[in-house]
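Asker: Here you go, query22.cif (mmCIF, C-alpha atoms):
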```
data_final
#
loop_
_atom_site.label_atom_id
_atom_site.label_comp_id
_atom_site.auth_asym_id
_atom_site.auth_seq_id
_atom_site.Cartn_x
_atom_site.Cartn_y
_atom_site.Cartn_z
CA MET A 24 33.15 -4.81 20.13
CA LYS A 25 30.97 -5.94 17.20
CA ILE A 26 27.48 -7.22 18.00
CA VAL A 27 25.32 -9.04 15.43
CA HIS A 28 21.59 -9.57 15.94
CA ILE A 29 20.00 -12.40 13.96
CA GLN A 30 16.33 -11.83 13.16
CA ALA A 31 14.19 -13.57 10.53
CA SER A 32 12.48 -10.41 9.33
CA MET A 33 12.78 -6.70 9.90
CA PRO A 34 9.50 -4.75 9.84
CA PRO A 35 9.78 -0.97 9.85
CA SER A 36 8.46 -0.57 13.41
CA GLY A 37 7.44 -2.52 16.46
CA ASN A 38 10.47 -4.77 16.26
CA ALA A 39 12.37 -5.32 19.49
CA ALA A 40 15.54 -6.58 17.75
CA TYR A 41 15.68 -3.55 15.47
CA ARG A 42 15.15 -1.18 18.39
CA LEU A 43 17.80 -2.85 20.53
CA SER A 44 20.41 -2.74 17.77
CA THR A 45 19.58 0.87 16.89
CA ILE A 46 19.88 2.09 20.47
CA MET A 47 23.09 0.10 20.95
CA ARG A 48 24.49 2.03 17.99
CA ASN A 49 23.25 5.29 19.53
CA TYR A 50 25.39 4.50 22.56
CA GLY A 51 28.49 3.82 20.49
CA LEU A 52 28.34 0.04 20.07
CA ASP A 53 29.09 -1.48 16.65
CA SER A 54 25.77 -3.29 16.24
CA TYR A 55 24.23 -4.89 13.13
CA VAL A 56 21.09 -6.83 12.24
CA LEU A 57 21.30 -9.86 9.97
CA ASN A 58 17.90 -10.81 8.57
CA LEU A 59 16.31 -12.99 5.92
CA MET A 60 13.45 -10.92 4.58
CA PRO A 61 13.95 -7.83 2.41
CA SER A 62 13.72 -4.77 4.64
CA PHE A 63 13.81 -1.03 4.55
CA LYS A 64 17.27 0.56 4.55
CA LYS A 65 18.02 3.43 6.89
CA ASP A 66 21.75 2.96 7.15
CA ASN A 67 24.36 0.24 6.74
CA ALA A 68 23.36 -1.51 9.96
CA TYR A 69 20.99 -3.98 8.25
CA VAL A 70 22.27 -6.88 6.19
CA ASN A 71 20.08 -9.34 4.28
CA VAL A 72 21.01 -12.99 3.94
CA ALA A 73 21.94 -13.86 0.34
CA LYS A 74 18.95 -14.65 -1.86
CA ARG A 75 20.53 -17.83 -3.22
CA GLY A 76 18.57 -20.83 -2.00
CA ARG A 77 15.99 -18.65 -0.26
CA ILE A 78 13.09 -19.65 -2.51
CA PHE A 79 13.92 -23.37 -2.39
CA GLY A 80 14.32 -23.24 1.38
CA LYS A 81 11.03 -21.42 1.84
CA ILE A 82 9.20 -23.99 -0.29
CA VAL A 83 10.64 -26.90 1.69
CA ASP A 84 9.98 -25.18 5.01
CA TYR A 85 6.41 -24.44 3.98
CA GLY A 86 5.82 -28.09 3.12
CA VAL A 87 7.40 -29.39 6.34
CA LYS A 88 5.48 -26.86 8.41
CA LYS A 89 2.21 -28.01 6.84
CA ILE A 90 3.04 -31.61 7.75
CA LYS A 91 4.09 -30.78 11.31
CA THR A 92 1.07 -28.59 11.98
CA PHE A 93 -1.46 -30.96 10.40
CA ARG A 94 -4.60 -31.22 12.52
CA ILE A 95 -3.56 -28.38 14.78
CA ARG A 96 -6.59 -26.97 16.59
CA LYS A 97 -8.08 -23.68 15.40
CA ASP A 98 -8.63 -22.27 18.89
CA VAL A 99 -5.03 -22.32 20.12
CA TYR A 100 -2.25 -19.76 20.20
CA PHE A 101 0.48 -19.75 17.54
CA TYR A 102 2.56 -22.88 17.01
CA THR A 103 5.73 -22.83 14.90
CA PRO A 104 7.99 -25.84 14.32
CA LEU A 105 11.73 -25.61 13.89
CA SER A 106 12.90 -24.79 10.38
CA ALA A 107 13.67 -27.86 8.29
CA ILE A 108 16.15 -26.11 6.01
CA GLY A 109 17.78 -22.97 7.31
CA ARG A 110 20.65 -20.74 6.29
CA ASP A 111 24.16 -21.55 7.48
CA LEU A 112 25.50 -18.15 8.49
CA VAL A 113 28.92 -19.03 9.90
CA SER A 114 30.71 -18.31 6.61
CA MET A 115 29.36 -14.77 6.42
CA SER A 116 31.93 -12.08 7.16
CA LEU A 117 29.58 -10.35 9.59
CA ILE A 118 29.38 -13.52 11.72
CA LYS A 119 33.13 -14.17 11.46
CA GLU A 120 33.87 -10.64 12.67
CA ALA A 121 31.27 -10.67 15.45
CA ASP A 122 32.38 -10.66 19.08
CA VAL A 123 28.86 -11.32 20.35
CA ILE A 124 25.78 -12.78 18.66
CA TYR A 125 22.18 -12.14 19.69
CA VAL A 126 19.54 -14.58 18.43
CA HIS A 127 16.00 -13.17 18.31
CA TRP A 128 13.11 -14.62 16.27
CA VAL A 129 14.66 -17.00 13.74
CA SER A 130 11.86 -19.28 12.53
CA GLY A 131 12.28 -19.72 8.79
CA LEU A 132 15.89 -18.59 8.97
CA LEU A 133 17.78 -21.08 11.17
CA SER A 134 17.42 -24.82 11.65
CA ILE A 135 18.68 -26.63 14.74
CA ASN A 136 21.87 -27.55 12.81
CA ASN A 137 22.41 -23.91 11.82
CA ILE A 138 22.16 -22.86 15.46
CA GLU A 139 24.61 -25.58 16.47
CA ASN A 140 27.09 -24.39 13.83
CA LEU A 141 26.90 -20.92 15.37
CA ALA A 142 27.49 -22.44 18.80
CA LYS A 143 30.56 -24.29 17.52
CA THR A 144 32.24 -20.95 16.77
CA GLY A 145 32.67 -20.52 20.54
CA LYS A 146 31.40 -16.95 20.36
CA PRO A 147 29.06 -15.86 23.16
CA ILE A 148 25.49 -16.24 21.94
CA PHE A 149 22.53 -14.64 23.71
CA PHE A 150 19.03 -15.86 22.90
CA PHE A 151 16.76 -12.88 23.54
CA MET A 152 13.42 -14.58 24.21
CA HIS A 153 10.50 -12.46 23.01
CA ASP A 154 8.02 -15.24 23.82
CA MET A 155 8.09 -18.82 25.16
CA TRP A 156 9.03 -20.49 21.86
CA THR A 157 12.71 -20.94 22.78
CA PHE A 158 11.90 -23.38 25.61
CA THR A 159 8.66 -25.04 24.46
CA GLY A 160 7.79 -27.67 21.89
CA GLY A 161 6.83 -24.94 19.44
CA CYS A 162 4.10 -22.86 21.06
CA HIS A 163 4.69 -19.14 21.52
CA HIS A 164 2.68 -19.01 24.74
CA SER A 165 1.73 -22.15 26.64
CA MET A 166 -1.24 -20.52 28.43
CA GLU A 167 -2.27 -22.84 31.27
CA CYS A 168 -0.32 -25.80 29.87
CA GLU A 169 2.84 -26.82 31.74
CA GLY A 170 3.84 -29.61 29.36
CA TYR A 171 7.09 -27.79 28.56
CA HIS A 172 8.23 -28.53 32.14
CA LEU A 173 8.67 -32.18 31.17
CA SER A 174 8.36 -33.33 27.58
CA CYS A 175 5.49 -31.66 25.67
CA GLU A 176 3.96 -35.08 25.08
CA ASN A 177 0.26 -35.17 24.18
CA CYS A 178 0.36 -31.52 23.18
CA ASN A 179 -3.11 -30.00 23.57
CA MET A 180 -2.59 -27.80 20.51
CA PHE A 181 -3.27 -30.76 18.24
CA GLU A 182 -6.56 -32.53 17.60
CA TRP A 183 -4.78 -35.83 17.90
CA HIS A 184 -1.49 -37.04 19.37
CA SER A 185 1.57 -35.58 17.65
CA PHE A 186 5.18 -36.46 18.39
CA PHE A 187 6.51 -33.27 16.79
CA PRO A 188 6.31 -30.99 19.89
CA CYS A 189 8.08 -33.60 22.03
CA ALA A 190 10.81 -34.13 19.42
CA HIS A 191 11.06 -30.36 18.95
CA LEU A 192 11.60 -29.78 22.68
CA LYS A 193 14.12 -32.59 23.09
CA SER A 194 16.22 -31.32 20.18
CA LYS A 195 16.41 -27.91 21.86
CA GLU A 196 17.34 -29.43 25.21
CA ARG A 197 20.14 -31.50 23.64
CA LEU A 198 21.55 -28.44 21.89
CA PHE A 199 21.28 -26.05 24.83
CA SER A 200 22.85 -28.47 27.31
CA LYS A 201 25.74 -29.27 24.97
CA TYR A 202 27.20 -25.75 24.63
CA SER A 203 28.18 -23.49 27.52
CA ASN A 204 28.40 -20.41 25.29
CA LEU A 205 24.61 -20.37 24.78
CA ASN A 206 23.00 -17.81 27.09
CA PHE A 207 19.40 -16.74 27.56
CA ILE A 208 17.81 -13.35 28.25
CA SER A 209 14.18 -12.76 29.14
CA PRO A 210 12.71 -9.26 29.06
CA SER A 211 10.30 -10.08 31.90
CA ARG A 212 10.74 -11.68 35.31
CA TRP A 213 7.61 -13.72 34.69
CA MET A 214 8.98 -15.44 31.59
CA ALA A 215 12.39 -15.91 33.23
CA SER A 216 10.66 -17.92 35.96
CA CYS A 217 8.87 -20.01 33.30
CA ALA A 218 12.15 -20.65 31.49
CA LYS A 219 13.82 -21.85 34.70
CA LYS A 220 11.09 -24.48 35.11
CA SER A 221 11.38 -25.70 31.53
CA PHE A 222 12.85 -28.99 30.37
CA ALA A 223 14.98 -27.22 27.77
CA LEU A 224 16.54 -24.56 30.03
CA ARG A 225 16.36 -26.10 33.50
CA ASN A 226 20.16 -26.16 33.81
CA LYS A 227 20.78 -22.72 32.31
CA ILE A 228 21.08 -19.30 33.92
CA ILE A 229 18.29 -17.02 32.75
CA TYR A 230 19.13 -13.31 32.70
CA THR A 231 16.44 -10.64 32.84
CA ILE A 232 16.86 -7.42 30.84
CA PRO A 233 13.77 -5.47 29.68
CA ASN A 234 13.06 -4.56 26.09
CA VAL A 235 14.36 -1.13 25.19
CA ILE A 236 12.37 1.84 23.90
CA ASP A 237 13.76 5.12 22.63
CA GLU A 238 12.52 7.68 25.16
CA THR A 239 13.44 10.52 22.81
CA ILE A 240 10.55 9.29 20.63
CA PHE A 241 8.15 7.93 23.23
CA LYS A 242 7.65 10.91 25.51
CA PRO A 243 4.75 13.19 26.52
CA ILE A 244 3.61 15.61 23.80
CA ASP A 245 0.82 18.18 24.02
CA LYS A 246 -2.42 16.25 23.48
CA LYS A 247 -4.17 19.05 21.61
CA VAL A 248 -1.34 19.38 19.12
CA VAL A 249 -1.14 15.62 18.56
CA ARG A 250 -4.87 15.24 17.98
CA GLN A 251 -4.77 18.06 15.48
CA ILE A 252 -1.97 16.30 13.59
CA LEU A 253 -3.89 13.00 13.58
CA ASN A 254 -7.21 14.67 12.80
CA LEU A 255 -8.77 13.29 15.98
CA PRO A 256 -11.47 15.21 17.88
CA GLN A 257 -10.44 17.43 20.78
CA ASP A 258 -13.72 17.01 22.66
CA ARG A 259 -13.75 13.20 22.94
CA ILE A 260 -12.37 10.80 25.50
CA ILE A 261 -10.13 8.59 23.39
CA ILE A 262 -9.60 4.98 24.43
CA THR A 263 -7.09 3.06 22.33
CA PHE A 264 -6.55 -0.61 21.60
CA GLY A 265 -3.61 -1.64 19.47
CA CYS A 266 -2.10 -4.82 18.05
CA VAL A 267 -1.83 -6.61 14.74
CA ALA A 268 -5.01 -8.62 14.01
CA GLY A 269 -6.19 -7.67 17.47
CA GLN A 270 -9.92 -8.24 17.03
CA ASP A 271 -9.38 -11.54 15.22
CA ASN A 272 -6.86 -12.90 17.72
CA PRO A 273 -8.82 -14.19 20.75
CA TYR A 274 -5.72 -14.07 22.93
CA LYS A 275 -5.52 -10.30 22.60
CA GLY A 276 -8.83 -10.19 24.43
CA TRP A 277 -10.87 -7.79 22.31
CA LYS A 278 -14.13 -9.42 23.45
CA TYR A 279 -13.37 -8.43 27.06
CA LEU A 280 -12.82 -4.82 26.06
CA GLU A 281 -16.00 -4.91 23.99
CA GLU A 282 -17.98 -6.23 26.97
CA ALA A 283 -16.38 -3.74 29.35
CA ILE A 284 -16.86 -0.67 27.17
CA ASN A 285 -20.51 -1.54 26.54
CA ARG A 286 -21.08 -1.39 30.31
CA ILE A 287 -19.80 2.17 30.59
CA ASP A 288 -22.22 5.07 30.22
CA LEU A 289 -20.50 8.18 28.92
CA ASP A 290 -21.52 10.27 25.94
CA ASN A 291 -18.20 11.36 24.52
CA ILE A 292 -16.08 8.22 24.12
CA LEU A 293 -14.24 7.41 20.90
CA ILE A 294 -12.50 4.06 20.48
CA VAL A 295 -9.34 4.20 18.38
CA VAL A 296 -7.96 0.89 17.06
CA TYR A 297 -4.51 0.74 15.50
CA GLY A 298 -2.53 -2.17 14.11
CA SER A 299 -5.47 -3.65 12.22
CA GLY A 300 -8.01 -2.51 9.65
CA TYR A 301 -11.73 -1.83 9.58
CA ASN A 302 -13.99 -4.55 10.98
CA GLN A 303 -17.75 -4.21 10.51
CA GLU A 304 -18.59 -6.81 13.18
CA THR A 305 -16.56 -4.87 15.73
CA VAL A 306 -18.40 -1.67 14.83
CA ASP A 307 -21.80 -3.36 15.06
CA ASN A 308 -21.08 -4.89 18.48
CA THR A 309 -19.72 -1.76 20.15
CA LYS A 310 -22.03 1.02 21.30
CA TYR A 311 -19.40 3.74 20.91
CA PRO A 312 -17.94 5.00 17.61
CA ILE A 313 -14.66 3.44 16.48
CA ARG A 314 -11.88 4.94 14.39
CA PHE A 315 -9.54 2.43 12.70
CA LEU A 316 -6.03 3.70 11.96
CA GLY A 317 -4.74 0.52 10.29
CA ARG A 318 -1.18 -0.76 10.41
CA VAL A 319 1.39 1.67 11.78
CA TYR A 320 4.88 1.53 10.26
CA ASP A 321 6.69 4.27 12.13
CA ASP A 322 7.66 4.77 15.77
CA THR A 323 6.99 8.49 15.58
CA MET A 324 3.41 7.79 14.47
CA LEU A 325 3.05 5.28 17.31
CA SER A 326 4.17 7.95 19.77
CA LEU A 327 1.61 10.40 18.39
CA ILE A 328 -1.19 7.85 18.82
CA CYS A 329 -0.10 7.09 22.39
CA ASN A 330 -0.06 10.79 23.21
CA ALA A 331 -3.47 11.38 21.66
CA SER A 332 -5.01 8.78 23.97
CA ASP A 333 -6.65 9.32 27.34
CA LEU A 334 -6.40 5.62 28.11
CA PHE A 335 -4.91 2.49 26.56
CA VAL A 336 -6.62 -0.85 27.26
CA THR A 337 -4.81 -4.15 26.81
CA PRO A 338 -7.13 -7.07 27.69
CA SER A 339 -4.51 -9.54 26.46
CA LEU A 340 -4.53 -13.04 27.94
CA CYS A 341 -0.78 -13.48 27.63
CA GLU A 342 2.12 -11.05 27.35
CA ASN A 343 5.82 -11.40 27.93
CA PHE A 344 7.08 -7.82 28.09
CA SER A 345 4.58 -5.68 26.22
CA LEU A 346 6.25 -2.94 24.21
CA VAL A 347 2.90 -1.30 23.53
CA ILE A 348 2.21 -0.97 27.27
CA LEU A 349 5.55 0.69 27.93
CA GLU A 350 5.15 2.92 24.87
CA ASN A 351 1.93 4.32 26.31
CA ILE A 352 3.28 4.68 29.84
CA LEU A 353 6.34 6.61 28.65
CA CYS A 354 4.01 8.91 26.70
CA GLY A 355 2.05 9.63 29.87
CA THR A 356 -0.98 7.51 28.98
CA PRO A 357 -2.41 5.23 31.71
CA VAL A 358 -3.00 1.57 30.89
CA VAL A 359 -5.70 -0.89 31.98
CA GLY A 360 -4.86 -4.59 31.63
CA PHE A 361 -5.37 -8.00 33.18
CA ASP A 362 -3.36 -9.34 36.10
CA THR A 363 -1.62 -12.10 34.17
CA THR A 364 1.77 -13.20 32.78
CA GLY A 365 4.17 -10.23 32.36
CA ILE A 366 1.58 -7.43 32.46
CA PRO A 367 1.79 -6.74 36.25
CA GLU A 368 5.47 -5.83 35.88
CA LEU A 369 4.42 -2.70 33.98
CA VAL A 370 0.82 -1.98 34.95
CA LYS A 371 0.48 -0.93 38.60
CA THR A 372 -2.87 0.14 40.00
CA GLY A 373 -2.62 3.72 41.18
CA GLN A 374 0.71 4.31 39.47
CA THR A 375 0.56 3.50 35.78
CA GLY A 376 -3.07 2.50 35.41
CA TYR A 377 -5.29 -0.30 36.68
CA LEU A 378 -4.69 -4.04 36.95
CA ALA A 379 -7.97 -5.92 36.50
CA LYS A 380 -8.86 -9.44 37.56
CA PHE A 381 -8.04 -11.96 34.84
CA LYS A 382 -10.80 -12.40 32.25
CA ASP A 383 -13.15 -10.20 34.31
CA SER A 384 -14.94 -7.72 32.05
CA ASP A 385 -16.66 -6.08 35.01
CA ASP A 386 -13.37 -5.33 36.70
CA LEU A 387 -11.94 -4.15 33.38
CA ALA A 388 -14.87 -1.71 33.14
CA LYS A 389 -14.23 -0.62 36.73
CA GLY A 390 -10.62 0.14 35.85
CA ILE A 391 -11.64 2.16 32.78
CA ARG A 392 -14.10 4.19 34.86
CA SER A 393 -11.52 4.75 37.59
CA ILE A 394 -9.04 6.21 35.12
CA LEU A 395 -11.57 8.32 33.22
CA ASN A 396 -13.10 9.67 36.46
CA LYS A 397 -9.63 10.63 37.74
CA GLU A 398 -10.05 8.32 40.75
CA ILE A 399 -6.56 6.90 40.12
CA THR A 400 -3.51 9.10 39.73
CA PHE A 401 -0.80 8.45 37.17
CA ASP A 402 2.91 8.68 37.96
CA MET A 403 5.41 7.47 35.38
CA GLY A 404 8.46 9.11 36.97
CA GLN A 405 10.11 5.95 38.24
CA TYR A 406 9.38 4.16 34.97
CA ARG A 407 11.26 6.65 32.84
CA ASN A 408 14.28 5.91 35.03
CA SER A 409 13.79 2.14 35.42
CA TYR A 410 13.30 1.64 31.70
CA SER A 411 15.65 4.30 30.39
CA SER A 412 17.58 3.19 27.32
CA ARG A 413 20.89 4.03 29.02
CA ASN A 414 20.19 1.75 31.98
CA ILE A 415 19.06 -1.09 29.73
CA ILE A 416 22.03 -0.83 27.35
CA GLU A 417 24.38 -0.69 30.35
CA SER A 418 22.81 -3.95 31.58
CA HIS A 419 23.62 -5.56 28.21
CA ILE A 420 27.18 -4.21 28.27
CA LYS A 421 27.69 -5.46 31.84
CA LEU A 422 26.45 -8.94 30.90
CA ILE A 423 28.64 -9.09 27.78
CA ASN A 424 31.72 -7.83 29.65
CA GLN A 425 31.07 -10.31 32.44
CA TYR A 426 31.01 -13.12 29.90
CA LEU A 427 34.07 -11.89 28.03
CA LYS A 428 35.79 -11.10 31.35
CA ILE A 429 36.39 -7.49 30.33
CA GLU A 430 37.13 -5.09 33.18
#
```
Take the structure I supplied and represent it as structure tokens, if you would.

Answerer:
Amino acid sequence: MKIVHIQASMPPSGNAAYRLSTIMRNYGLDSYVLNLMPSFKKDNAYVNVAKRGRIFGKIVDYGVKKIKTFRIRKDVYFYTPLSAIGRDLVSMSLIKEADVIYVHWVSGLLSINNIENLAKTGKPIFFFMHDMWTFTGGCHHSMECEGYHLSCENCNMFEWHSFFPCAHLKSKERLFSKYSNLNFISPSRWMASCAKKSFALRNKIIYTIPNVIDETIFKPIDKKVVRQILNLPQDRIIITFGCVAGQDNPYKGWKYLEEAINRIDLDNILIVVYGSGYNQETVDNTKYPIRFLGRVYDDTMLSLICNASDLFVTPSLCENFSLVILENILCGTPVVGFDTTGIPELVKTGQTGYLAKFKDSDDLAKGIRSILNKEITFDMGQYRNSYSSRNIIESHIKLINQYLKIE
């Protein structure tokens, strides 16, 4: 069985498509990633789309995107329109030889016509939905908006009325309803329930399979040893916060962590921020010292950071299935987060950390104190089993075999 994952870009770490393909290969499946952007090469499992036409396509897509996102509000979550000119992949030998195709994040790589050409091959195609974009008019998270249930008309992401989100959503619905070989996987139960209510996927079965993490990398390691490797102090309580552009992205909730941590009175706290660089405003507004580790490009380094931490705080306002939460839990680090979207599926008060009331800095501070004062125990035993790579890959194999009717 040959499996091909289609992904627009392939960063060195933190990529769910890359991790899924790699672990599939570890379990003996013939899995490959087909991507547009130049990427690192570890083995022959990564194939770049031909450069021919890439520059022209990117220029056209950039121009169309600027038109479609004109007058988009500054205070909203990410919005990405469908690609105007994509890459037709059906003639590639890797696609011709594939038994199963997984579609991940493909903005800038595939247009709606490109996706339809893949569907016409009759091969089973699984859209692995890492956020809500697959079934909305272009937003990655709809927040409180339920416009995607109907038509995405009068989209509140724009300063004035725009027909693009509505047209975007309808084109997806037409495509998805036309082909029975298009299937959809959500890594969280929360997003699966959202997808079932959507206009685009209301008549589709939504499967739920969690994201996969390599537990041979993300596992408990002696904290003293790890801190020595990372040159972090042994005598400090280390609280970590991690995501790309975390402080600058209001939906990652840094301001709630800032408010919460400033209400805690302990002498030996060190805040460690990874995924983004130094920010003077953040330093000035926080009463505890902060160490910035910058972007992290390696899973082993991520595991070391998780293991060096006493507590990870994720005040995010929206998450599907947070890899960074599971990374910390599997390393034995408790997590404090808000009771919203997909976070409660991983963060359990008294088991894996503390679930705070949504947008409540006081309750977030209470959770941090509870963990640091050892008032809440931590037990990740069931999670290492529930989210073991073997169990997750077996779920994928079962779904594929069920579709292909393989005994």

Asker: Give me the result of the PyMOL selection byres ((chain A and resi 338) around 9) on this file, residue by residue, as a PyMOL selection string.

Answerer: chain A and resi 264+274-280+336-337+339-340+359-361+379+381-382+384+387

Asker: Calculated over all atoms listed in the file, which of the candidates A:Met403, A:Val126, A:Leu57, A:Ala331 has the smallest distance to Gln251 (chain A)?

Answerer: A:Ala331

Asker: Go through A:Tyr50, A:Tyr102, A:Phe199, A:Phe181 one by one, measure the shortest atom-to-atom distance of each to Phe150 (chain A) using all atoms listed in the file, and give the residue with the smallest value.

Answerer: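 That would be A:Phe199, the residue with the smallest distance to Phe150 (chain A).
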
Asker: Taking the file as shown, what set of residues would the PyMOL selection byres ((chain A and resi 250) around 12) give back, as a list of chain:residue names?

Answerer: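 Selected by the PyMOL selection byres ((chain A and resi 250) around 12) here: A:Ile244, A:Asp245, A:Lys246, A:Lys247, A:Val248, A:Val249, A:Gln251, A:Ile252, A:Leu253, A:Asn254, A:Leu255, A:Pro256, A:Gln257, A:Asp258, A:Arg259, A:Ile260, A:Ile261, A:Val295, A:Met324, A:Ser326, A:Leu327, A:Ile328, A:Cys329, A:Asn330, A:Ala331, A:Ser332, A:Asp333.
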
Asker: Given the file above and the PyMOL selection byres ((chain A and resi 368) around 9), which residues are selected, and can you give them as a VMD selection string?

Answerer: chain A and resid 211 to 213 344 364 to 367 369 to 371

Asker: Nearest to Phe207 (chain A) among A:His127, A:His164, A:Ser32, A:Phe241, with distances taken over all atoms listed in the file: which residue is it?

Answerer: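 Among the listed residues, A:His127 lies closest to Phe207 (chain A).
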
Asker: Residues of region 326-377 of chain A within 9 Å of region 406-413 of chain A: nearest atom pair and distance (Å, one decimal) for each, counting only C-alpha atoms, sorted by chain and number, as CSV?

Answerer:
```
residue,atom,partner,partner_atom,distance
A:Leu349,CA,A:Tyr410,CA,8.7
A:Ile352,CA,A:Tyr406,CA,8.0
A:Leu353,CA,A:Arg407,CA,6.5
A:Leu369,CA,A:Tyr406,CA,8.5
A:Thr375,CA,A:Tyr406,CA,8.9
```

Asker: Quick one, how far is CA of Tyr125 (chain A) from CA of Leu422 (chain A)?

Answerer: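 Those two atoms sit 12.4 Å apart.
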
Asker: If you count only C-alpha atoms, which residues fall within 10 Å of region 221-229 of chain A, apart from same-chain ones fewer than 5 positions away, as a ChimeraX atom specification?

Answerer: /A:150,155,157-160,169-175,192-200,203,205-209,212,214-216

Asker: What is the CA of Asp385 (chain A) to CA of Leu316 (chain A) distance in Å?

Answerer: 27.2 Å

Asker: Of the candidates A:Leu141, A:Ala39, A:Leu334, A:Val99, which shows the shortest atom-to-atom distance to Ser114 (chain A), using only C-alpha atoms?

Answerer: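 Counting only C-alpha atoms, the residue closest to Ser114 (chain A) is A:Leu141.
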
Asker: Of the residues A:Val296, A:Tyr230, A:Trp183, A:Thr372, which is the one nearest to Arg318 (chain A), using all atoms listed in the file?

Answerer: A:Val296

Asker: Can you tell me which residues surround Val306 (chain A) at a distance of at most 12 Å, considering only C-alpha atoms, apart from same-chain residues fewer than 2 positions away, and format the answer as a ChimeraX atom specification?

Answerer: /A:270,281,285,293-296,300-304,308-315
